[in-house]
Amino acid sequence: MSAILKAPLTVEFPFTRSVGPVQSAFLTGLRERVVLGVRTVDGKVLVPPVEYDPVTAEEIRDLVEVAPTGTVTTWAWNHDPRRGQPLDTPFAWVLVKLDGADTALLHALDAPGPDTVRTGMRVRVRWAEERSGAITDIACFEPYDGESVEPAGHSGEFEEAITGIVAAARLDYTYSPGRAQTGYIEALGDRRIVGERCPTCRKVYVPPRGACPTCGVATRERVEVGPGGTVTTFCIVNIKAKNLDIEVPYVYAHIALDGAGLALHGRIAGIPYDQVRMGLRVEPVWTQGARYPDHYRPTGEPDADYDMYKELL
Amino acid sequence: MTREEAPGARDIAVVAFAQTDHRRTTDEVSEVEMLMPVLHQVLERTGLKAADIGFTCSGSSDYLAGRAFSFTLALDGVGAWPPISESHVEMDGAWALYEAWVKLRTGDADTALVYSYGKSSPGSVRDVLTRQLDPYYLAPLWPDPVALAALQAQALIDAGATDEPALAAVGARSRADATANSHAQLRGSVSQGDYLVRPLRTGDCPPIGDGAAAVVLAVGERARELCERPAWIRGIDHRIEAHGLGVRDLTDSPSARLAAERAGAYERPVDTAELHAPFSSQEVVLRRALGLDETVRVNPSGGALAANPIMAAGLIRIGEAAARIHRGESDRALAHATSGPCLQQNLVAVLEGDPR
Ligand SMILES: [Zn+2]
């Protein structure tokens, strides 16, 4: 058996999220170089702020400005920054209790080395040059020896307050389909379609996934199926998908390839859409360079008898 | 909730446990191919067939696989036809076990199959786990789990609760104990290595790997039929604390302590504790929070520092504790599972064997 296939797989998503009034005030404040916390019923100031009291679960809306200066409550030296982190040079992760706050905010501290960082050290916010209403509007913290800065007592009301954020994410994987699907994909390269037979119930699964879902046992015996097959059921698609170069209406069908124990999906072409029917005999059409059948077309054989495929519906 | 609080409730036991050999990569198998041998082993140990199982529950994460609804493919390994009663949690399998335990308590089933699996090898697990953080204040900064654990470790050092040599000793003891565990990924003498994020060195951090585990639960007399010495779940509970790291005292774990109390852990001493502490510093937090002294055997399996298949490592703690009771090596054990950054969520189960 040849080597297991592998391919890069990137998952990227611009996760759009709305924010509530408290998060909106905090994030808009960062855009305007103002740090806001929220005061709980028992008088504690939480920064970053939350909308519900962590102890009583009561809704809280009492915004309070805190200072852009504060004290490190704990830290960790990150000598090898990773993609997306606030600084691309070595930095300290820090939890900072800003002056006027009772809880700490997580961020990065730009410092020359681990020997210059300690719990209890004084720091201040370094603002990002371009700010949009996001936690990254704080570029990082930096060491600070000066006086603590008195906050101006901002009300938390802003013009053009932000209402949402885009939490962009990107994760990179090396996808490997495992033994059974590797066999299936390699066979497609030779324009063959293979399945695997369950040793217990003898059903042939295509595409094979390495297990019989009925018996819960591994499938190993590889079986070539098709190329001919039977339409077991179908639908007519009237909506044109984005980036899809197929004219509507077209027919999408379940096709039971000869020898297969279940039907797979495919598009039917080479016949007017309103003449496609259950029992229609079809065969795959491979286009130049394609990795899988482009579509299935009628073979011209007589239709299959319903009893021949009713178990595969 | 403990048995004492609910008279007449059904006794539920772990009657079988199986796990894969945990390895850095398992490219040659898909998730279902990795999982299936474990499902077969655990059923074989009880003599049950898939069709005999009353309820099935699993734990896994799409973010490890990088694909949506990845757990549905793993179901092929269970034998889900004719239709079975099944559920899934996007959590460690320990929480799937909790759901199964609730199902058995209701009387809806007498046996349950619980499994979980995770392949960390396809992605970068340090990046993947940043996506479980709050999306407004934390995730945009991409703080990885090692960084967050390092903040917790420094807080412990500042509090005088530990120091770097003591942390190294936790890792060394774990890997030494793992020499007796053929499934473990890191065994024997392992270099403490360089800092990953200071103060944590590679030796303080879990190996990254792929693996799966499965457990069978059974009720009352059914458990006695299926297992010579069932590991009775005397109590199980899980708790969570504030997601804001700066709101918490990172040197303590009140959620673990409360879960242990509600599970009845403090009613009588335990002889064994399987703690899900992926970082050496987290074992320090848990020992302090749970009041475990030197008389308790902690992580004889090697724990998560020897093998940490994400989504299965917590279920494995319950399985390892139960297996020790099955073998007569423990009479009363505490099993703990965690999820989230810096021990944010904690589950505790107390397991007992019949008196000998
Ligand atoms: Zn079968």
# chains A, B, ... in the order shown; residues from 1 in each chain; ligands from 1
$ residues_around --residues "A:Trp77" --least-positions-apart "2" --cutoff "7 Å" --atoms "only C-alpha atoms" --output "ChimeraX atom specification"
/A:75,79,91-93,114 /B:197-198
$ residues_near_ligand --ligand "ligand 1" --cutoff "10 Å" --atoms "only C-alpha atoms and all ligand atoms" --output "PDB file with N, CA and C atoms, in the first residue's frame"
ATOM      1  N   ARG A 197     -15.565  -3.604   1.561  1.00  0.00           N
ATOM      2  CA  ARG A 197     -16.640  -4.522   1.951  1.00  0.00           C
ATOM      3  C   ARG A 197     -16.559  -4.821   3.442  1.00  0.00           C
ATOM      4  N   CYS A 198     -17.695  -4.744   4.114  1.00  0.00           N
ATOM      5  CA  CYS A 198     -17.744  -5.094   5.530  1.00  0.00           C
ATOM      6  C   CYS A 198     -17.594  -6.608   5.662  1.00  0.00           C
ATOM      7  N   PRO A 199     -16.692  -7.070   6.542  1.00  0.00           N
ATOM      8  CA  PRO A 199     -16.495  -8.512   6.687  1.00  0.00           C
ATOM      9  C   PRO A 199     -17.703  -9.190   7.326  1.00  0.00           C
ATOM     10  N   THR A 200     -18.567  -8.445   7.961  1.00  0.00           N
ATOM     11  CA  THR A 200     -19.696  -9.044   8.682  1.00  0.00           C
ATOM     12  C   THR A 200     -20.966  -9.047   7.831  1.00  0.00           C
ATOM     13  N   CYS A 201     -21.394  -7.855   7.381  1.00  0.00           N
ATOM     14  CA  CYS A 201     -22.670  -7.786   6.659  1.00  0.00           C
ATOM     15  C   CYS A 201     -22.469  -7.799   5.145  1.00  0.00           C
ATOM     16  N   ARG A 202     -21.231  -7.758   4.679  1.00  0.00           N
ATOM     17  CA  ARG A 202     -20.865  -7.882   3.258  1.00  0.00           C
ATOM     18  C   ARG A 202     -21.251  -6.661   2.431  1.00  0.00           C
ATOM     19  N   LYS A 203     -21.766  -5.621   3.066  1.00  0.00           N
ATOM     20  CA  LYS A 203     -22.135  -4.422   2.331  1.00  0.00           C
ATOM     21  C   LYS A 203     -20.861  -3.712   1.859  1.00  0.00           C
ATOM     22  N   VAL A 204     -20.917  -3.092   0.674  1.00  0.00           N
ATOM     23  CA  VAL A 204     -19.753  -2.374   0.135  1.00  0.00           C
ATOM     24  C   VAL A 204     -19.977  -0.876   0.311  1.00  0.00           C
ATOM     25  N   TYR A 205     -19.107  -0.251   1.081  1.00  0.00           N
ATOM     26  CA  TYR A 205     -19.224   1.184   1.351  1.00  0.00           C
ATOM     27  C   TYR A 205     -18.381   1.980   0.370  1.00  0.00           C
ATOM     28  N   ALA A 211     -14.779   1.875   8.269  1.00  0.00           N
ATOM     29  CA  ALA A 211     -15.613   1.215   9.267  1.00  0.00           C
ATOM     30  C   ALA A 211     -16.995   0.997   8.700  1.00  0.00           C
ATOM     31  N   CYS A 212     -17.644  -0.093   9.127  1.00  0.00           N
ATOM     32  CA  CYS A 212     -19.046  -0.317   8.773  1.00  0.00           C
ATOM     33  C   CYS A 212     -19.904   0.298   9.872  1.00  0.00           C
ATOM     34  N   PRO A 213     -20.705   1.317   9.543  1.00  0.00           N
ATOM     35  CA  PRO A 213     -21.476   1.978  10.588  1.00  0.00           C
ATOM     36  C   PRO A 213     -22.583   1.091  11.161  1.00  0.00           C
ATOM     37  N   THR A 214     -22.941   0.044  10.454  1.00  0.00           N
ATOM     38  CA  THR A 214     -23.965  -0.868  10.962  1.00  0.00           C
ATOM     39  C   THR A 214     -23.355  -1.837  11.966  1.00  0.00           C
ATOM     40  N   CYS A 215     -22.202  -2.388  11.593  1.00  0.00           N
ATOM     41  CA  CYS A 215     -21.602  -3.428  12.423  1.00  0.00           C
ATOM     42  C   CYS A 215     -20.553  -2.862  13.371  1.00  0.00           C
ATOM     43  N   GLY A 216     -20.071  -1.645  13.121  1.00  0.00           N
ATOM     44  CA  GLY A 216     -19.048  -1.065  13.972  1.00  0.00           C
ATOM     45  C   GLY A 216     -17.739  -1.818  13.896  1.00  0.00           C
ATOM     46  N   VAL A 217     -17.425  -2.397  12.743  1.00  0.00           N
ATOM     47  CA  VAL A 217     -16.146  -3.113  12.591  1.00  0.00           C
ATOM     48  C   VAL A 217     -15.350  -2.482  11.452  1.00  0.00           C
ATOM     49  N   ALA A 218     -14.057  -2.740  11.464  1.00  0.00           N
ATOM     50  CA  ALA A 218     -13.190  -2.212  10.416  1.00  0.00           C
ATOM     51  C   ALA A 218     -13.499  -2.901   9.098  1.00  0.00           C
ATOM     52  N   THR A 219     -13.460  -2.102   8.012  1.00  0.00           N
ATOM     53  CA  THR A 219     -13.588  -2.689   6.675  1.00  0.00           C
ATOM     54  C   THR A 219     -12.209  -2.668   6.044  1.00  0.00           C
TER      55      THR A 219
ATOM     56  N   GLY B  79     -21.247   1.485  15.385  1.00  0.00           N
ATOM     57  CA  GLY B  79     -22.309   0.610  14.902  1.00  0.00           C
ATOM     58  C   GLY B  79     -23.642   1.250  15.223  1.00  0.00           C
ATOM     59  N   TRP B  81     -26.399   1.551  13.579  1.00  0.00           N
ATOM     60  CA  TRP B  81     -27.576   1.040  12.906  1.00  0.00           C
ATOM     61  C   TRP B  81     -27.783  -0.402  13.302  1.00  0.00           C
TER      62      TRP B  81
END
$ closest_residue --among "B:Thr162, B:Ser189, B:Gln152, B:Ser339" --to "B:Asp249" --atoms "only C-alpha atoms"
B:Gln152
$ residues_around --residues "B:Tyr63" --least-positions-apart "2" --cutoff "9 Å" --atoms "only C-alpha atoms" --output "compact mmCIF listing (two decimals) with N, CA, C and O atoms, in the first residue's frame"
# COMPACT_ATOMS: atom_id res chain seq x y z
N LEU A 171 -6.30 29.06 11.16
CA LEU A 171 -5.62 27.89 11.69
C LEU A 171 -5.13 27.04 10.51
O LEU A 171 -5.86 26.87 9.53
N SER B 61 -13.43 17.40 19.54
CA SER B 61 -13.47 18.81 19.14
C SER B 61 -13.19 18.98 17.66
O SER B 61 -12.19 18.50 17.14
N ALA B 65 -9.65 18.73 14.55
CA ALA B 65 -9.71 18.11 13.22
C ALA B 65 -9.69 19.17 12.12
O ALA B 65 -9.30 18.90 11.00
N GLY B 66 -10.14 20.39 12.44
CA GLY B 66 -10.25 21.43 11.42
C GLY B 66 -11.43 21.21 10.50
O GLY B 66 -11.45 21.72 9.39
N ARG B 67 -12.43 20.44 10.96
CA ARG B 67 -13.59 20.14 10.12
C ARG B 67 -14.86 20.16 10.97
O ARG B 67 -14.83 19.75 12.13
N ALA B 68 -15.94 20.59 10.36
CA ALA B 68 -17.21 20.66 11.09
C ALA B 68 -17.81 19.26 11.26
O ALA B 68 -17.65 18.40 10.41
N GLY B 123 -2.90 19.83 13.36
CA GLY B 123 -2.80 21.28 13.50
C GLY B 123 -1.74 21.67 14.50
O GLY B 123 -0.94 20.85 14.93
N VAL B 128 -4.54 26.30 18.07
CA VAL B 128 -5.93 25.84 18.08
C VAL B 128 -6.60 26.20 19.41
O VAL B 128 -7.73 26.71 19.43
N LEU B 129 -5.91 25.97 20.52
CA LEU B 129 -6.54 26.19 21.82
C LEU B 129 -6.76 27.67 22.15
O LEU B 129 -7.52 27.98 23.06
N ARG B 131 -8.44 29.47 20.38
CA ARG B 131 -9.78 29.75 19.87
C ARG B 131 -10.87 29.43 20.88
O ARG B 131 -12.04 29.69 20.61
$ closest_residue --among "B:Leu35, B:Val348, B:Leu334, B:Ala166" --to "chain A" --atoms "only C-alpha atoms"
B:Leu35
$ select_by_dssp --residues "stretch 47-132 of chain B" --states "strand (DSSP E)" --output "ChimeraX atom specification"
/B:55-59,86-89,111-119
$ write_last_selection --atoms "all heavy atoms" --output "compact mmCIF listing (two decimals), in the first residue's frame"
# COMPACT_ATOMS: atom_id res chain seq x y z
N PHE B 55 -26.93 3.48 26.13
CA PHE B 55 -26.69 4.90 25.81
C PHE B 55 -25.23 5.07 25.44
O PHE B 55 -24.35 4.47 26.06
CB PHE B 55 -27.03 5.77 27.02
CG PHE B 55 -26.87 7.26 26.79
CD1 PHE B 55 -27.59 7.91 25.80
CD2 PHE B 55 -25.98 8.00 27.56
CE1 PHE B 55 -27.44 9.28 25.58
CE2 PHE B 55 -25.83 9.37 27.35
CZ PHE B 55 -26.56 10.01 26.36
N THR B 56 -24.97 5.88 24.42
CA THR B 56 -23.61 6.14 23.96
C THR B 56 -23.36 7.64 23.98
O THR B 56 -24.21 8.41 23.53
CB THR B 56 -23.42 5.59 22.54
OG1 THR B 56 -23.62 4.17 22.56
CG2 THR B 56 -22.03 5.89 22.01
N CYS B 57 -22.23 8.05 24.52
CA CYS B 57 -21.93 9.47 24.57
C CYS B 57 -20.44 9.68 24.30
O CYS B 57 -19.60 8.92 24.80
CB CYS B 57 -22.31 10.06 25.93
SG CYS B 57 -22.44 11.86 25.91
N SER B 58 -20.11 10.70 23.50
CA SER B 58 -18.72 10.89 23.14
C SER B 58 -18.30 12.34 23.33
O SER B 58 -19.14 13.24 23.43
CB SER B 58 -18.50 10.50 21.67
OG SER B 58 -19.30 11.30 20.83
N GLY B 59 -17.00 12.55 23.37
CA GLY B 59 -16.43 13.89 23.47
C GLY B 59 -15.31 14.05 22.46
O GLY B 59 -14.49 13.15 22.28
N GLU B 86 -27.86 8.20 21.40
CA GLU B 86 -26.48 8.71 21.33
C GLU B 86 -26.45 10.20 21.58
O GLU B 86 -27.40 10.91 21.27
CB GLU B 86 -25.93 8.39 19.93
CG GLU B 86 -24.52 8.78 19.69
CD GLU B 86 -24.37 10.18 19.10
OE1 GLU B 86 -25.36 10.74 18.58
OE2 GLU B 86 -23.26 10.72 19.20
N SER B 87 -25.34 10.68 22.13
CA SER B 87 -25.16 12.11 22.34
C SER B 87 -23.66 12.43 22.24
O SER B 87 -22.82 11.55 22.27
CB SER B 87 -25.70 12.51 23.71
OG SER B 87 -25.62 13.90 23.89
N HIS B 88 -23.36 13.72 22.13
CA HIS B 88 -21.97 14.14 21.98
C HIS B 88 -21.75 15.43 22.74
O HIS B 88 -22.65 16.28 22.78
CB HIS B 88 -21.66 14.36 20.50
CG HIS B 88 -20.29 14.92 20.24
ND1 HIS B 88 -20.06 16.25 19.99
CD2 HIS B 88 -19.08 14.32 20.21
CE1 HIS B 88 -18.76 16.44 19.82
NE2 HIS B 88 -18.14 15.30 19.96
N VAL B 89 -20.58 15.60 23.33
CA VAL B 89 -20.21 16.88 23.93
C VAL B 89 -18.94 17.37 23.25
O VAL B 89 -18.06 16.59 22.93
CB VAL B 89 -19.98 16.79 25.46
CG1 VAL B 89 -21.26 16.39 26.17
CG2 VAL B 89 -18.85 15.85 25.82
N THR B 111 -26.75 0.45 30.82
CA THR B 111 -25.34 0.45 30.44
C THR B 111 -25.08 1.65 29.54
O THR B 111 -25.98 2.11 28.84
CB THR B 111 -24.95 -0.83 29.65
OG1 THR B 111 -25.87 -0.97 28.57
CG2 THR B 111 -24.98 -2.07 30.53
N ALA B 112 -23.85 2.12 29.56
CA ALA B 112 -23.49 3.24 28.69
C ALA B 112 -22.06 3.05 28.19
O ALA B 112 -21.20 2.56 28.92
CB ALA B 112 -23.61 4.57 29.44
N LEU B 113 -21.87 3.45 26.95
CA LEU B 113 -20.52 3.48 26.35
C LEU B 113 -20.12 4.94 26.21
O LEU B 113 -20.87 5.74 25.65
CB LEU B 113 -20.57 2.81 24.96
CG LEU B 113 -19.31 2.94 24.09
CD1 LEU B 113 -18.14 2.21 24.72
CD2 LEU B 113 -19.58 2.39 22.68
N VAL B 114 -18.96 5.26 26.77
CA VAL B 114 -18.46 6.63 26.69
C VAL B 114 -17.10 6.58 26.01
O VAL B 114 -16.25 5.78 26.39
CB VAL B 114 -18.30 7.23 28.10
CG1 VAL B 114 -17.77 8.66 28.00
CG2 VAL B 114 -19.60 7.19 28.87
N TYR B 115 -16.92 7.41 25.00
CA TYR B 115 -15.61 7.43 24.37
C TYR B 115 -15.23 8.85 23.98
O TYR B 115 -16.09 9.73 23.86
CB TYR B 115 -15.55 6.50 23.14
CG TYR B 115 -16.45 6.92 22.00
CD1 TYR B 115 -15.99 7.79 21.01
CD2 TYR B 115 -17.75 6.43 21.91
CE1 TYR B 115 -16.81 8.17 19.95
CE2 TYR B 115 -18.57 6.81 20.85
CZ TYR B 115 -18.10 7.68 19.88
OH TYR B 115 -18.90 8.06 18.86
N SER B 116 -13.95 9.06 23.82
CA SER B 116 -13.49 10.36 23.34
C SER B 116 -12.15 10.18 22.66
O SER B 116 -11.45 9.19 22.88
CB SER B 116 -13.41 11.38 24.47
OG SER B 116 -12.48 11.00 25.45
N TYR B 117 -11.82 11.15 21.82
CA TYR B 117 -10.59 11.02 21.04
C TYR B 117 -10.15 12.40 20.60
O TYR B 117 -10.95 13.34 20.52
CB TYR B 117 -10.83 10.13 19.80
CG TYR B 117 -11.86 10.72 18.88
CD1 TYR B 117 -11.48 11.56 17.82
CD2 TYR B 117 -13.21 10.51 19.10
CE1 TYR B 117 -12.43 12.16 17.01
CE2 TYR B 117 -14.16 11.09 18.29
CZ TYR B 117 -13.77 11.91 17.25
OH TYR B 117 -14.71 12.50 16.46
N GLY B 118 -8.89 12.49 20.31
CA GLY B 118 -8.39 13.74 19.76
C GLY B 118 -7.09 13.49 19.01
O GLY B 118 -6.21 12.78 19.49
N LYS B 119 -7.03 14.05 17.81
CA LYS B 119 -5.78 14.03 17.05
C LYS B 119 -5.26 15.46 17.03
O LYS B 119 -5.82 16.30 16.33
CB LYS B 119 -6.03 13.51 15.63
CG LYS B 119 -6.25 12.00 15.58
CD LYS B 119 -6.48 11.50 14.16
CE LYS B 119 -5.22 11.53 13.35
NZ LYS B 119 -5.30 10.66 12.16
$ closest_atom_pairs --of "chain B" --to "chain A" --cutoff "6 Å" --atoms "only C-alpha atoms" --output "Markdown table"
| residue | atom | partner | partner_atom | distance |
| --- | --- | --- | --- | --- |
| B:Asp27 | CA | A:Ser176 | CA | 6.0 |
| B:Glu28 | CA | A:Gly178 | CA | 5.1 |
| B:Val29 | CA | A:Gly178 | CA | 4.1 |
| B:Ser30 | CA | A:Gly178 | CA | 4.1 |
| B:Asp76 | CA | A:Pro213 | CA | 3.9 |
| B:Gly77 | CA | A:Gly216 | CA | 4.5 |
| B:Val78 | CA | A:Gly216 | CA | 4.8 |
| B:Gly79 | CA | A:Gly216 | CA | 3.8 |
| B:Ala80 | CA | A:Thr214 | CA | 5.7 |
| B:Trp81 | CA | A:Thr214 | CA | 4.5 |
| B:Pro122 | CA | A:Thr174 | CA | 4.8 |
| B:Gly123 | CA | A:Tyr173 | CA | 4.2 |
| B:Tyr137 | CA | A:Ile135 | CA | 5.6 |
| B:Leu141 | CA | A:Gln85 | CA | 5.1 |
| B:Trp142 | CA | A:Gln85 | CA | 5.2 |
| B:Ala150 | CA | A:Ala76 | CA | 5.6 |
| B:Leu151 | CA | A:Ala76 | CA | 5.2 |
| B:Ala155 | CA | A:Thr74 | CA | 5.6 |
| B:Val197 | CA | A:Asn78 | CA | 5.0 |
| B:Arg198 | CA | A:Trp77 | CA | 4.8 |
| B:Gly246 | CA | A:Ala104 | CA | 4.1 |
| B:Val247 | CA | A:Thr103 | CA | 5.2 |
$ select_by_dssp --residues "stretch 23-235 of chain A" --states "alpha helix (DSSP H)" --output "ChimeraX atom specification"
/A:23-31,178-189
